[in-house]
file protein.csv (CSV, C-alpha atoms and all ligand atoms)
chain,number,residue,atom,x,y,z
H,3,MET,CA,68.3,-40.3,39.2
H,4,SER,CA,67.8,-37.6,36.6
H,5,GLU,CA,64.5,-38.9,35.1
H,6,TYR,CA,61.4,-37.5,36.7
H,7,LEU,CA,58.7,-40.0,37.5
H,8,SER,CA,55.8,-39.7,40.0
H,9,ASP,CA,57.6,-39.6,43.3
H,10,HIS,CA,55.5,-41.4,45.9
H,11,VAL,CA,57.3,-44.6,45.0
H,12,ARG,CA,60.8,-44.3,43.5
H,13,LEU,CA,64.2,-45.8,43.5
H,14,GLY,CA,66.6,-44.1,45.9
H,15,ASP,CA,69.4,-42.0,44.4
H,16,ASP,CA,71.9,-44.6,45.7
H,17,LEU,CA,70.2,-47.2,43.6
H,18,THR,CA,70.2,-49.6,46.5
H,19,SER,CA,67.1,-48.3,48.3
H,20,VAL,CA,63.5,-47.5,47.6
H,21,VAL,CA,61.8,-44.3,48.7
H,22,ILE,CA,58.0,-44.3,49.4
H,23,LEU,CA,55.5,-41.8,50.7
H,24,ASP,CA,54.1,-43.5,53.8
H,25,GLN,CA,50.4,-43.7,52.9
H,26,THR,CA,49.4,-44.8,56.4
H,27,LEU,CA,50.1,-41.3,57.7
H,28,LEU,CA,48.0,-39.4,55.2
H,29,PRO,CA,46.1,-37.1,55.2
H,30,ASN,CA,47.8,-35.7,58.3
H,31,ARG,CA,51.4,-36.1,57.5
H,32,ALA,CA,53.4,-36.5,54.3
H,33,GLU,CA,56.5,-38.5,55.3
H,34,TYR,CA,58.9,-40.4,53.1
H,35,LEU,CA,60.5,-43.7,54.1
H,36,THR,CA,63.7,-45.2,52.8
H,37,LEU,CA,63.5,-49.0,52.5
H,38,ARG,CA,66.8,-50.9,52.3
H,39,GLU,CA,66.3,-54.2,54.0
H,40,PRO,CA,64.0,-56.9,52.5
H,41,GLU,CA,62.1,-57.0,55.8
H,42,GLU,CA,61.4,-53.2,55.6
H,43,MET,CA,60.2,-53.7,52.0
H,44,PHE,CA,57.9,-56.6,53.0
H,45,GLU,CA,56.5,-54.6,55.9
H,46,ALA,CA,55.8,-51.5,53.8
H,47,ILE,CA,53.7,-53.6,51.4
H,48,ARG,CA,52.1,-55.8,54.0
H,49,PHE,CA,51.0,-52.8,56.2
H,50,LEU,CA,49.9,-50.6,53.3
H,51,ARG,CA,52.5,-47.9,53.6
H,52,VAL,CA,52.5,-48.4,49.8
H,53,ARG,CA,49.3,-49.8,48.5
H,54,GLY,CA,47.0,-50.0,45.5
H,55,ALA,CA,47.6,-52.8,43.0
H,56,PRO,CA,49.7,-50.9,40.4
H,57,ALA,CA,51.7,-49.0,43.0
H,58,ILE,CA,52.5,-52.3,44.8
H,59,GLY,CA,53.8,-53.7,41.5
H,60,ILE,CA,55.9,-50.6,40.8
H,61,CYS,CA,57.3,-50.7,44.4
H,62,ALA,CA,58.1,-54.5,44.2
H,63,GLY,CA,60.0,-53.9,40.9
H,64,TYR,CA,62.1,-51.2,42.5
H,65,CYS,CA,62.6,-53.3,45.7
H,66,LEU,CA,64.0,-56.3,43.7
H,67,ALA,CA,66.2,-54.0,41.6
H,68,ALA,CA,67.6,-52.3,44.7
H,69,LEU,CA,68.3,-55.6,46.4
H,70,ALA,CA,70.0,-56.9,43.3
H,71,GLU,CA,72.2,-53.8,43.2
H,72,GLN,CA,73.2,-54.4,46.8
H,73,ARG,CA,74.2,-58.0,46.0
H,74,LYS,CA,75.9,-57.4,42.6
H,75,ASP,CA,79.3,-58.5,43.9
H,76,LEU,CA,78.2,-61.9,44.8
H,77,PRO,CA,79.3,-64.9,42.7
H,78,PRO,CA,76.8,-65.5,39.9
H,79,ALA,CA,75.2,-68.7,41.2
H,80,GLN,CA,74.7,-67.2,44.7
H,81,PHE,CA,73.4,-64.0,43.2
H,82,GLY,CA,70.8,-65.9,41.2
H,83,GLY,CA,69.7,-67.9,44.3
H,84,GLU,CA,69.4,-64.7,46.3
H,85,LEU,CA,67.2,-63.0,43.6
H,86,HIS,CA,64.9,-66.0,43.5
H,87,ARG,CA,64.6,-66.1,47.3
H,88,LEU,CA,64.0,-62.4,47.7
H,89,SER,CA,61.4,-62.3,44.9
H,90,ALA,CA,59.5,-65.1,46.6
H,91,TYR,CA,59.7,-63.3,49.9
H,92,LEU,CA,58.4,-60.0,48.5
H,93,ASN,CA,55.7,-61.9,46.7
H,94,SER,CA,54.4,-63.3,49.9
H,95,SER,CA,53.7,-59.9,51.4
H,96,ARG,CA,50.1,-59.7,50.0
H,97,PRO,CA,48.1,-62.3,48.1
H,98,THR,CA,45.3,-60.6,46.2
H,99,ALA,CA,46.7,-57.9,43.9
H,100,VAL,CA,48.2,-59.7,40.9
H,101,ASN,CA,50.4,-56.7,40.0
H,102,LEU,CA,52.8,-57.8,42.8
H,103,SER,CA,53.6,-61.2,41.2
H,104,TRP,CA,53.3,-59.7,37.7
H,105,ALA,CA,56.0,-57.2,38.3
H,106,LEU,CA,58.3,-59.6,40.1
H,107,ASN,CA,57.9,-62.2,37.4
H,108,ARG,CA,58.7,-59.6,34.8
H,109,LEU,CA,62.0,-58.9,36.5
H,110,GLY,CA,62.6,-62.6,37.1
H,111,ASN,CA,62.1,-63.2,33.3
H,112,ARG,CA,64.5,-60.4,32.5
H,113,ALA,CA,67.2,-61.9,34.8
H,114,HIS,CA,66.5,-65.4,33.3
H,115,SER,CA,67.0,-64.1,29.8
H,116,MET,CA,70.5,-62.9,30.8
H,117,SER,CA,71.7,-66.1,32.4
H,118,GLY,CA,75.5,-66.2,32.3
H,119,ALA,CA,75.8,-62.4,32.4
H,120,ALA,CA,77.6,-60.7,35.3
H,121,PRO,CA,75.5,-59.9,38.3
H,122,SER,CA,76.2,-56.2,37.9
H,123,ALA,CA,74.8,-56.3,34.4
H,124,ILE,CA,71.7,-58.2,35.6
H,125,ALA,CA,71.2,-55.7,38.4
H,126,ALA,CA,71.4,-52.8,35.9
H,127,ALA,CA,68.9,-54.6,33.6
H,128,LEU,CA,66.5,-55.1,36.5
H,129,ARG,CA,66.6,-51.4,37.3
H,130,GLU,CA,65.8,-50.7,33.7
H,131,GLU,CA,62.8,-53.1,33.9
H,132,ALA,CA,61.5,-51.6,37.1
H,133,LEU,CA,61.7,-48.1,35.6
H,134,ALA,CA,59.9,-49.4,32.5
H,135,ILE,CA,57.1,-50.7,34.7
H,136,HIS,CA,56.7,-47.3,36.3
H,137,ARG,CA,56.9,-45.4,33.0
H,138,GLU,CA,54.4,-47.8,31.4
H,139,ASP,CA,52.0,-47.4,34.3
H,140,ILE,CA,51.9,-43.6,33.8
H,141,ALA,CA,51.0,-44.1,30.2
H,142,MET,CA,48.4,-46.8,31.1
H,143,CYS,CA,46.7,-44.6,33.6
H,144,ARG,CA,46.6,-41.7,31.1
H,145,ALA,CA,45.0,-44.0,28.5
H,146,ILE,CA,42.5,-45.4,31.1
H,147,SER,CA,41.6,-41.9,32.1
H,148,GLU,CA,40.9,-41.0,28.4
H,149,PHE,CA,38.7,-44.0,27.9
H,150,GLY,CA,36.9,-43.6,31.2
H,151,LEU,CA,36.1,-40.0,30.4
H,152,THR,CA,34.1,-41.2,27.4
H,153,LEU,CA,31.7,-42.9,29.9
H,154,ILE,CA,30.7,-39.7,31.8
H,155,LYS,CA,29.7,-36.2,31.0
H,156,ASP,CA,30.2,-32.8,32.5
H,157,GLY,CA,28.1,-32.3,35.6
H,158,ASP,CA,27.8,-36.1,36.4
H,159,GLY,CA,27.7,-37.6,39.9
H,160,VAL,CA,30.2,-40.5,40.3
H,161,LEU,CA,30.5,-42.8,43.3
H,162,THR,CA,33.9,-44.5,44.0
H,163,HIS,CA,35.0,-46.9,46.6
H,164,CYS,CA,38.5,-47.2,48.2
H,165,ASN,CA,41.3,-45.4,46.5
H,166,ALA,CA,42.3,-45.9,42.9
H,167,GLY,CA,44.0,-42.5,42.3
H,168,PRO,CA,47.5,-41.4,41.8
H,169,LEU,CA,48.7,-42.7,45.2
H,170,ALA,CA,47.5,-46.2,44.2
H,171,THR,CA,49.3,-46.0,40.8
H,172,SER,CA,51.7,-43.6,39.3
H,173,GLN,CA,49.8,-40.6,37.9
H,174,TYR,CA,46.1,-39.9,37.4
H,175,GLY,CA,45.1,-43.3,38.8
H,176,THR,CA,42.6,-45.7,37.3
H,177,ALA,CA,39.1,-45.0,38.8
H,178,LEU,CA,40.0,-41.5,39.7
H,179,GLY,CA,41.9,-40.8,36.5
H,180,PRO,CA,38.9,-39.8,34.3
H,181,LEU,CA,37.7,-37.4,37.1
H,182,LEU,CA,41.1,-35.8,37.4
H,183,LEU,CA,41.7,-35.6,33.7
H,184,GLY,CA,38.2,-34.2,33.1
H,185,THR,CA,38.7,-31.6,35.9
H,186,GLU,CA,42.0,-30.5,34.2
H,187,ARG,CA,39.9,-29.9,31.1
H,188,GLY,CA,37.4,-27.7,32.9
H,189,MET,CA,34.7,-30.3,33.5
H,190,LYS,CA,32.8,-30.5,36.8
H,191,PHE,CA,31.8,-33.7,38.6
H,192,GLN,CA,30.2,-34.4,41.9
H,193,VAL,CA,32.1,-37.3,43.4
H,194,PHE,CA,30.9,-39.3,46.3
H,195,ALA,CA,33.7,-41.2,48.0
H,196,ASP,CA,32.9,-44.2,50.3
H,197,GLU,CA,35.1,-43.9,53.4
H,198,THR,CA,36.0,-47.6,53.0
H,199,ARG,CA,36.1,-49.3,56.3
H,200,PRO,CA,38.1,-50.6,58.0
H,201,LEU,CA,41.3,-48.9,56.6
H,202,LEU,CA,39.6,-45.8,55.4
H,203,GLN,CA,41.4,-45.4,52.0
H,204,GLY,CA,38.4,-43.5,50.7
H,205,ALA,CA,38.4,-41.0,53.6
H,206,ARG,CA,42.1,-40.7,54.1
H,207,LEU,CA,43.3,-40.9,50.4
H,208,THR,CA,40.5,-40.4,47.9
H,209,SER,CA,38.9,-37.4,49.5
H,210,TYR,CA,42.5,-36.0,50.0
H,211,GLU,CA,43.6,-36.5,46.4
H,212,LEU,CA,40.3,-35.2,44.9
H,213,ASN,CA,40.1,-32.2,47.3
H,214,LYS,CA,43.7,-31.3,46.5
H,215,ALA,CA,42.9,-31.4,42.7
H,216,GLY,CA,39.9,-29.1,43.2
H,217,VAL,CA,37.3,-31.8,42.5
H,218,ASP,CA,33.9,-31.5,44.2
H,219,VAL,CA,34.1,-34.5,46.5
H,220,THR,CA,31.7,-35.6,49.3
H,221,LEU,CA,32.8,-38.2,51.7
H,222,ILE,CA,30.1,-40.7,52.9
H,223,CYS,CA,30.2,-43.7,55.2
H,224,ASP,CA,30.0,-47.0,53.2
H,225,ASN,CA,26.4,-47.6,54.4
H,226,MET,CA,25.3,-44.4,52.8
H,227,ALA,CA,25.9,-45.4,49.2
H,228,SER,CA,22.3,-46.7,48.7
H,229,MET,CA,21.0,-43.4,49.9
H,230,VAL,CA,22.9,-41.2,47.5
H,231,MET,CA,22.0,-43.6,44.6
H,232,LYS,CA,18.3,-43.4,45.6
H,233,ASN,CA,18.5,-39.6,45.7
H,234,GLY,CA,19.5,-39.7,42.0
H,235,TRP,CA,22.9,-38.2,42.6
H,236,ILE,CA,24.9,-40.9,41.0
H,237,ASN,CA,25.2,-41.4,37.2
H,238,ALA,CA,28.0,-43.9,37.3
H,239,CYS,CA,30.2,-45.9,39.7
H,240,PHE,CA,34.0,-46.1,39.0
H,241,VAL,CA,36.1,-48.5,41.0
H,242,GLY,CA,39.6,-49.9,40.6
H,243,CYS,CA,40.6,-53.6,40.7
H,244,ASP,CA,43.3,-55.8,42.2
H,245,ARG,CA,42.8,-58.9,40.0
H,246,VAL,CA,40.3,-59.5,37.2
H,247,ALA,CA,39.6,-63.2,36.4
H,248,ALA,CA,39.3,-64.4,32.8
H,249,ASN,CA,35.5,-64.3,33.0
H,250,GLY,CA,35.4,-60.7,34.2
H,251,ASP,CA,34.9,-61.3,37.9
H,252,ALA,CA,36.8,-58.5,39.6
H,253,ALA,CA,38.4,-58.5,43.0
H,254,ASN,CA,38.7,-55.1,44.6
H,255,LYS,CA,38.5,-53.6,48.1
H,256,ILE,CA,36.0,-55.1,50.5
H,257,GLY,CA,32.6,-53.5,49.9
H,258,THR,CA,33.0,-53.1,46.2
H,259,SER,CA,30.6,-55.9,45.3
H,260,GLY,CA,27.9,-54.4,47.6
H,261,VAL,CA,28.2,-51.1,45.6
H,262,ALA,CA,27.8,-53.1,42.4
H,263,ILE,CA,24.7,-54.8,43.7
H,264,LEU,CA,23.2,-51.5,44.7
H,265,ALA,CA,24.1,-49.9,41.4
H,266,ARG,CA,22.2,-52.7,39.6
H,267,HIS,CA,19.2,-52.1,41.8
H,268,TYR,CA,19.1,-48.4,40.9
H,269,GLY,CA,20.0,-48.9,37.2
H,270,ILE,CA,23.3,-47.1,37.5
H,271,PRO,CA,26.3,-48.3,35.3
H,272,PHE,CA,29.1,-49.8,37.3
H,273,TYR,CA,32.6,-49.7,35.7
H,274,VAL,CA,35.8,-51.4,36.8
H,275,LEU,CA,39.0,-49.5,35.7
H,276,GLY,CA,42.4,-51.1,35.7
H,277,PRO,CA,45.5,-51.8,33.5
H,278,THR,CA,45.9,-55.1,31.6
H,279,SER,CA,48.6,-56.0,34.2
H,280,THR,CA,45.7,-56.5,36.6
H,281,ILE,CA,43.9,-59.0,34.4
H,282,ASP,CA,44.9,-62.6,35.3
H,283,LEU,CA,43.8,-64.9,32.5
H,284,LYS,CA,45.3,-67.8,34.4
H,285,CYS,CA,42.5,-67.3,37.0
H,286,PRO,CA,39.3,-68.7,35.4
H,287,THR,CA,36.8,-67.1,37.8
H,288,GLY,CA,36.6,-65.0,40.9
H,289,ASP,CA,36.4,-68.1,43.0
H,290,ASP,CA,40.0,-68.8,42.1
H,291,ILE,CA,41.2,-65.4,43.5
H,292,LYS,CA,42.8,-65.7,46.9
H,293,ILE,CA,41.3,-63.1,49.3
H,294,GLU,CA,43.6,-61.6,51.9
H,295,LEU,CA,42.4,-61.9,55.5
H,296,ARG,CA,43.7,-59.2,57.8
H,297,ASP,CA,44.1,-58.5,61.5
H,298,PRO,CA,40.8,-58.1,63.4
H,299,GLU,CA,42.2,-55.1,65.3
H,300,GLU,CA,41.8,-53.1,62.1
H,301,ILE,CA,38.0,-53.4,62.8
H,302,LYS,CA,38.1,-53.2,66.5
H,303,SER,CA,40.7,-50.6,67.5
H,304,LYS,CA,42.6,-49.1,64.7
H,305,PHE,CA,41.9,-45.4,64.2
H,306,TYR,CA,39.9,-45.3,67.5
H,307,ALA,CA,41.1,-43.6,70.7
H,308,GLN,CA,39.8,-46.7,72.5
H,309,PRO,CA,38.6,-50.1,71.3
H,310,MET,CA,35.1,-50.1,69.8
H,311,ALA,CA,34.3,-53.7,70.4
H,312,PRO,CA,34.7,-56.2,73.3
H,313,ALA,CA,38.3,-57.5,73.5
H,314,GLY,CA,37.4,-61.1,72.8
H,315,VAL,CA,34.8,-60.7,70.2
H,316,LYS,CA,35.3,-62.6,66.9
H,317,CYS,CA,35.9,-60.6,63.8
H,318,TYR,CA,36.0,-61.5,60.1
H,319,ASN,CA,38.2,-59.1,58.1
H,320,PRO,CA,38.5,-59.9,54.4
H,321,ALA,CA,40.4,-57.1,52.7
H,322,PHE,CA,38.8,-57.7,49.3
H,323,ASP,CA,35.7,-59.1,47.7
H,324,VAL,CA,34.8,-60.2,44.2
H,325,THR,CA,32.2,-58.4,42.1
H,326,ASP,CA,30.4,-60.8,39.8
H,327,HIS,CA,31.0,-60.1,36.1
H,328,THR,CA,27.2,-59.9,35.5
H,329,LEU,CA,27.1,-56.7,37.6
H,330,ILE,CA,29.9,-55.0,35.6
H,331,SER,CA,28.9,-52.6,32.8
H,332,GLY,CA,32.4,-52.3,31.4
H,333,ILE,CA,36.1,-53.0,32.2
H,334,VAL,CA,38.2,-50.0,31.2
H,335,THR,CA,41.8,-50.8,30.3
H,336,GLU,CA,44.5,-48.8,28.6
H,337,LYS,CA,43.5,-50.6,25.4
H,338,GLY,CA,39.9,-49.6,25.5
H,339,VAL,CA,36.6,-50.5,27.2
H,340,CYS,CA,35.8,-54.2,27.4
H,341,ARG,CA,32.1,-55.1,27.3
H,342,PRO,CA,30.4,-58.4,28.1
H,343,PRO,CA,30.9,-61.2,27.3
H,344,TYR,CA,34.2,-60.7,29.1
H,345,ALA,CA,35.6,-64.1,28.4
H,346,GLN,CA,36.0,-62.9,24.8
H,347,SER,CA,36.7,-59.2,25.2
H,348,LEU,CA,39.4,-59.7,27.9
H,349,ALA,CA,41.1,-62.5,26.0
H,350,ALA,CA,41.1,-60.3,22.9
H,351,LEU,CA,43.3,-57.7,24.7
H,352,PHE,CA,46.2,-60.2,24.8
H,353,HIS,CA,46.1,-61.2,21.1
L,401,LIG,O1,44.3,-52.7,50.4
L,401,LIG,P1,44.6,-51.7,49.3
L,401,LIG,O2,44.4,-50.3,49.8
L,401,LIG,O3,45.9,-52.0,48.6
L,401,LIG,O4,43.4,-51.9,48.2
L,401,LIG,C1,43.4,-51.1,47.1
L,401,LIG,C2,42.2,-51.3,46.2
L,401,LIG,O5,41.4,-52.2,46.4
L,401,LIG,C3,42.2,-50.5,45.0
L,401,LIG,O6,40.9,-50.2,44.6
L,401,LIG,C4,42.9,-51.3,43.8
L,401,LIG,O7,44.1,-51.7,44.2
L,401,LIG,C5,43.0,-50.5,42.6
L,401,LIG,S1,44.2,-49.3,42.7
L,401,LIG,C6,44.3,-48.5,41.2

call {"tool": "encode", "arguments": {"input": "protein.csv", "output": "C-alpha cells"}}
result
Amino acid sequence: MSEYLSDHVRLGDDLTSVVILDQTLLPNRAEYLTLREPEEMFEAIRFLRVRGAPAIGICAGYCLAALAEQRKDLPPAQFGGELHRLSAYLNSSRPTAVNLSWALNRLGNRAHSMSGAAPSAIAAALREEALAIHREDIAMCRAISEFGLTLIKDGDGVLTHCNAGPLATSQYGTALGPLLLGTERGMKFQVFADETRPLLQGARLTSYELNKAGVDVTLICDNMASMVMKNGWINACFVGCDRVAANGDAANKIGTSGVAILARHYGIPFYVLGPTSTIDLKCPTGDDIKIELRDPEEIKSKFYAQPMAPAGVKCYNPAFDVTDHTLISGIVTEKGVCRPPYAQSLAALFH
C-alpha cells in the first residue's frame, strides 16, 4: 500500500491480512503479527494485542475488509452471508468499546448500499471505508489534542489512567494527545501515569509512549493517585473513554471512576477525551453499558513469576467502570469541548 498511515494497525500489502504491533509484548519487544484467519483476528482483539477503543475500531475495519477480499470470488449471496457472519463474530470479541461495533456497522452499511454489486467491488469499497476510518481517526485525534491543549498550560501536572495515546488510536491519541502536541510545541508538563492494574497499560504503554516522546512522566501505582493530588502536583486529569452514554456517563478502564472521585475531592478538573465515534446516544446512561468481565488469572498470576494469591481464591475482574457524568468537567471531542448538561451538549454534536 502506498499511502502512509500510522503503522501499528494496518492492512497487509496483500490486502488479505492485517498487520498489528503486538501490544502485549511492549515495552520489552516490538513485534508485528500478521492476522489472516478470523480466529486470529478475534484473538488479537480479545487478548489486547490490539487495544484502545479507536484502535480496536480501526483494526476491526481492516479485518472485515481483508476477510472480504479473501472471499471475493464467492457467489454474491454466499459472500453477503459470510460478511454478516464474520462481522458478528468479530463484534463479539469485546463488549464495552463501542468503536468496535461502530466500525463494523459502518462497513456493513457500505456493503448494504451496494447490494447487487460484484463481491470484488464490495470488497474494494470495504477497504476504502476501513482506510477512511483510519484516516479520520488521525484527524480526530489531532483536533482533540488541540482542544485538550486549551485546558492546560505550560508547566502543569496532569494525571492519566490506562493508555489513551497513539497505540490506542492512530496518532497523538486522545488523553495523551494534548500532552504530545504541547511537547512538540515546546511546552513542559509533569505527567503522572497510573500503572493501571491488572493489565498495566499505564506502566507498559503510557510511560513508554510519553518517555519516548520526551515528556516528563512519573509512573505511580493506582493507589498513589490520592497522594499526588494531595501534594498539589496535579492540575488536571485526562482520561480516554470506551463508550460515552447520552447523559455523559463515561466507561473507561477500571479505576477511572475512582480517579474522578478523588479529583472531585481535591477540586481538580477531570476531563474525558474521545472521538464522537465513542459516543453512543443509543445508550441512555452508564447503567446501560455492558462491562467486560475478564479472567481472574489477570489479577492472580499474570505478570508475576509465581501466583500472588491462593489458587482457589475468588476474584472479580471487571475491565471497565463508569464515571458518573456529575464528576466530569468536560468531554473533549474532535468537534470541541462539551460541558454539562451533557444530554444537550452531546446531542448537539450530531445535529
Ligand atoms: O482494555 P483496553 O486496554 O482496551 O482499555 C483501554 C482504555 O480503557 C482506554 O482508556 C480507552 O479505550 C480509550 S483509548 C483512546

call {"tool": "closest_residue", "arguments": {"input": "protein.csv", "among": "H:Asn254, H:Thr328, H:Ser147, H:Ser115", "to": "ligand LIG 401 (chain L)", "atoms": "all atoms listed in the file"}}
result
H:Asn254

call {"tool": "atom_distance", "arguments": {"input": "protein.csv", "atom1": "atom CA of H:Glu42", "atom2": "atom CA of H:Leu202"}}
result
23.0 Å

call {"tool": "residues_near_ligand", "arguments": {"input": "protein.csv", "ligand": "ligand LIG 401 (chain L)", "cutoff": "8 Å", "atoms": "only C-alpha atoms and all ligand atoms", "output": "PDB file with C-alpha atoms, in the frame of the given file"}}
result
ATOM      1  CA  LEU H  50      49.900 -50.600  53.300  1.00  0.00           C
ATOM      2  CA  VAL H  52      52.500 -48.400  49.800  1.00  0.00           C
ATOM      3  CA  ARG H  53      49.300 -49.800  48.500  1.00  0.00           C
ATOM      4  CA  GLY H  54      47.000 -50.000  45.500  1.00  0.00           C
ATOM      5  CA  ALA H  55      47.600 -52.800  43.000  1.00  0.00           C
ATOM      6  CA  PRO H  56      49.700 -50.900  40.400  1.00  0.00           C
ATOM      7  CA  ALA H  57      51.700 -49.000  43.000  1.00  0.00           C
ATOM      8  CA  ILE H  58      52.500 -52.300  44.800  1.00  0.00           C
ATOM      9  CA  ALA H  99      46.700 -57.900  43.900  1.00  0.00           C
ATOM     10  CA  HIS H 163      35.000 -46.900  46.600  1.00  0.00           C
ATOM     11  CA  CYS H 164      38.500 -47.200  48.200  1.00  0.00           C
ATOM     12  CA  ASN H 165      41.300 -45.400  46.500  1.00  0.00           C
ATOM     13  CA  ALA H 166      42.300 -45.900  42.900  1.00  0.00           C
ATOM     14  CA  GLY H 167      44.000 -42.500  42.300  1.00  0.00           C
ATOM     15  CA  PRO H 168      47.500 -41.400  41.800  1.00  0.00           C
ATOM     16  CA  ALA H 170      47.500 -46.200  44.200  1.00  0.00           C
ATOM     17  CA  THR H 171      49.300 -46.000  40.800  1.00  0.00           C
ATOM     18  CA  GLY H 175      45.100 -43.300  38.800  1.00  0.00           C
ATOM     19  CA  THR H 176      42.600 -45.700  37.300  1.00  0.00           C
ATOM     20  CA  ALA H 177      39.100 -45.000  38.800  1.00  0.00           C
ATOM     21  CA  LEU H 201      41.300 -48.900  56.600  1.00  0.00           C
ATOM     22  CA  GLN H 203      41.400 -45.400  52.000  1.00  0.00           C
ATOM     23  CA  VAL H 241      36.100 -48.500  41.000  1.00  0.00           C
ATOM     24  CA  GLY H 242      39.600 -49.900  40.600  1.00  0.00           C
ATOM     25  CA  CYS H 243      40.600 -53.600  40.700  1.00  0.00           C
ATOM     26  CA  ASP H 244      43.300 -55.800  42.200  1.00  0.00           C
ATOM     27  CA  ALA H 253      38.400 -58.500  43.000  1.00  0.00           C
ATOM     28  CA  ASN H 254      38.700 -55.100  44.600  1.00  0.00           C
ATOM     29  CA  LYS H 255      38.500 -53.600  48.100  1.00  0.00           C
ATOM     30  CA  ILE H 256      36.000 -55.100  50.500  1.00  0.00           C
ATOM     31  CA  LEU H 275      39.000 -49.500  35.700  1.00  0.00           C
ATOM     32  CA  GLY H 276      42.400 -51.100  35.700  1.00  0.00           C
ATOM     33  CA  ALA H 321      40.400 -57.100  52.700  1.00  0.00           C
ATOM     34  CA  PHE H 322      38.800 -57.700  49.300  1.00  0.00           C
TER      35      PHE H 322
END

call {"tool": "closest_atom_pairs", "arguments": {"input": "protein.csv", "of": "stretch 67-128 of chain H", "to": "stretch 60-63 of chain H", "cutoff": "9 Å", "atoms": "only C-alpha atoms", "output": "CSV"}}
result
residue,atom,partner,partner_atom,distance
H:Ala67,CA,H:Gly63,CA,6.2
H:Ala68,CA,H:Gly63,CA,8.6
H:Ser89,CA,H:Ala62,CA,8.5
H:Leu92,CA,H:Ala62,CA,7.0
H:Asn93,CA,H:Ala62,CA,8.2
H:Asn101,CA,H:Ile60,CA,8.3
H:Leu102,CA,H:Ala62,CA,6.4
H:Ser103,CA,H:Ala62,CA,8.6
H:Ala105,CA,H:Gly63,CA,5.8
H:Leu106,CA,H:Gly63,CA,6.0
H:Arg108,CA,H:Gly63,CA,8.4
H:Leu109,CA,H:Gly63,CA,7.0
H:Leu128,CA,H:Gly63,CA,7.9

call {"tool": "write_last_selection", "arguments": {"input": "protein.csv", "atoms": "C-alpha atoms", "output": "tab-separated table (two decimals), keeping the file's coordinate frame"}}
result
chain	number	residue	atom	x	y	z
H	67	ALA	CA	66.20	-54.00	41.60
H	68	ALA	CA	67.60	-52.30	44.70
H	89	SER	CA	61.40	-62.30	44.90
H	92	LEU	CA	58.40	-60.00	48.50
H	93	ASN	CA	55.70	-61.90	46.70
H	101	ASN	CA	50.40	-56.70	40.00
H	102	LEU	CA	52.80	-57.80	42.80
H	103	SER	CA	53.60	-61.20	41.20
H	105	ALA	CA	56.00	-57.20	38.30
H	106	LEU	CA	58.30	-59.60	40.10
H	108	ARG	CA	58.70	-59.60	34.80
H	109	LEU	CA	62.00	-58.90	36.50
H	128	LEU	CA	66.50	-55.10	36.50

call {"tool": "closest_residue", "arguments": {"input": "protein.csv", "among": "H:Ile124, H:Met310, H:Ile330, H:Ala119", "to": "H:Arg73", "atoms": "all atoms listed in the file"}}
result
H:Ile124

call {"tool": "atom_distance", "arguments": {"input": "protein.csv", "atom1": "atom CA of H:Ala32", "atom2": "atom CA of H:Asp9"}}
result
12.2 Å

call {"tool": "residues_near_point", "arguments": {"input": "protein.csv", "point": "(24.1, -42.7, 48.9)", "cutoff": "12 Å", "atoms": "all atoms listed in the file", "output": "ChimeraX atom specification"}}
result
/H:159-163,193-197,220-237,239,261,264-265,268

call {"tool": "residues_near_point", "arguments": {"input": "protein.csv", "point": "(37.4, -57.6, 64.7)", "cutoff": "8 Å", "atoms": "all atoms listed in the file", "output": "MDAnalysis selection string"}}
result
chainID H and resid 297:302 311 315:319

call {"tool": "residues_around", "arguments": {"input": "protein.csv", "residues": "H:Thr36", "least_positions_apart": "2", "cutoff": "9 Å", "atoms": "only C-alpha atoms", "output": "list of chain:residue names"}}
result
H:Gly14, H:Ser19, H:Val20, H:Val21, H:Ile22, H:Tyr34, H:Arg38, H:Glu42

call {"tool": "atom_distance", "arguments": {"input": "protein.csv", "atom1": "atom CA of H:Gly179", "atom2": "atom CA of H:Ile281"}}
result
18.4 Å

call {"tool": "closest_residue", "arguments": {"input": "protein.csv", "among": "H:Arg129, H:Lys214, H:Arg341, H:Lys284", "to": "H:Gln72", "atoms": "only C-alpha atoms"}}
result
H:Arg129

call {"tool": "residues_around", "arguments": {"input": "protein.csv", "residues": "H:Leu183", "least_positions_apart": "6", "cutoff": "12 Å", "atoms": "all atoms listed in the file", "output": "ChimeraX atom specification"}}
result
/H:143-152,154,156,167-168,173-177,189-191,212,215-217
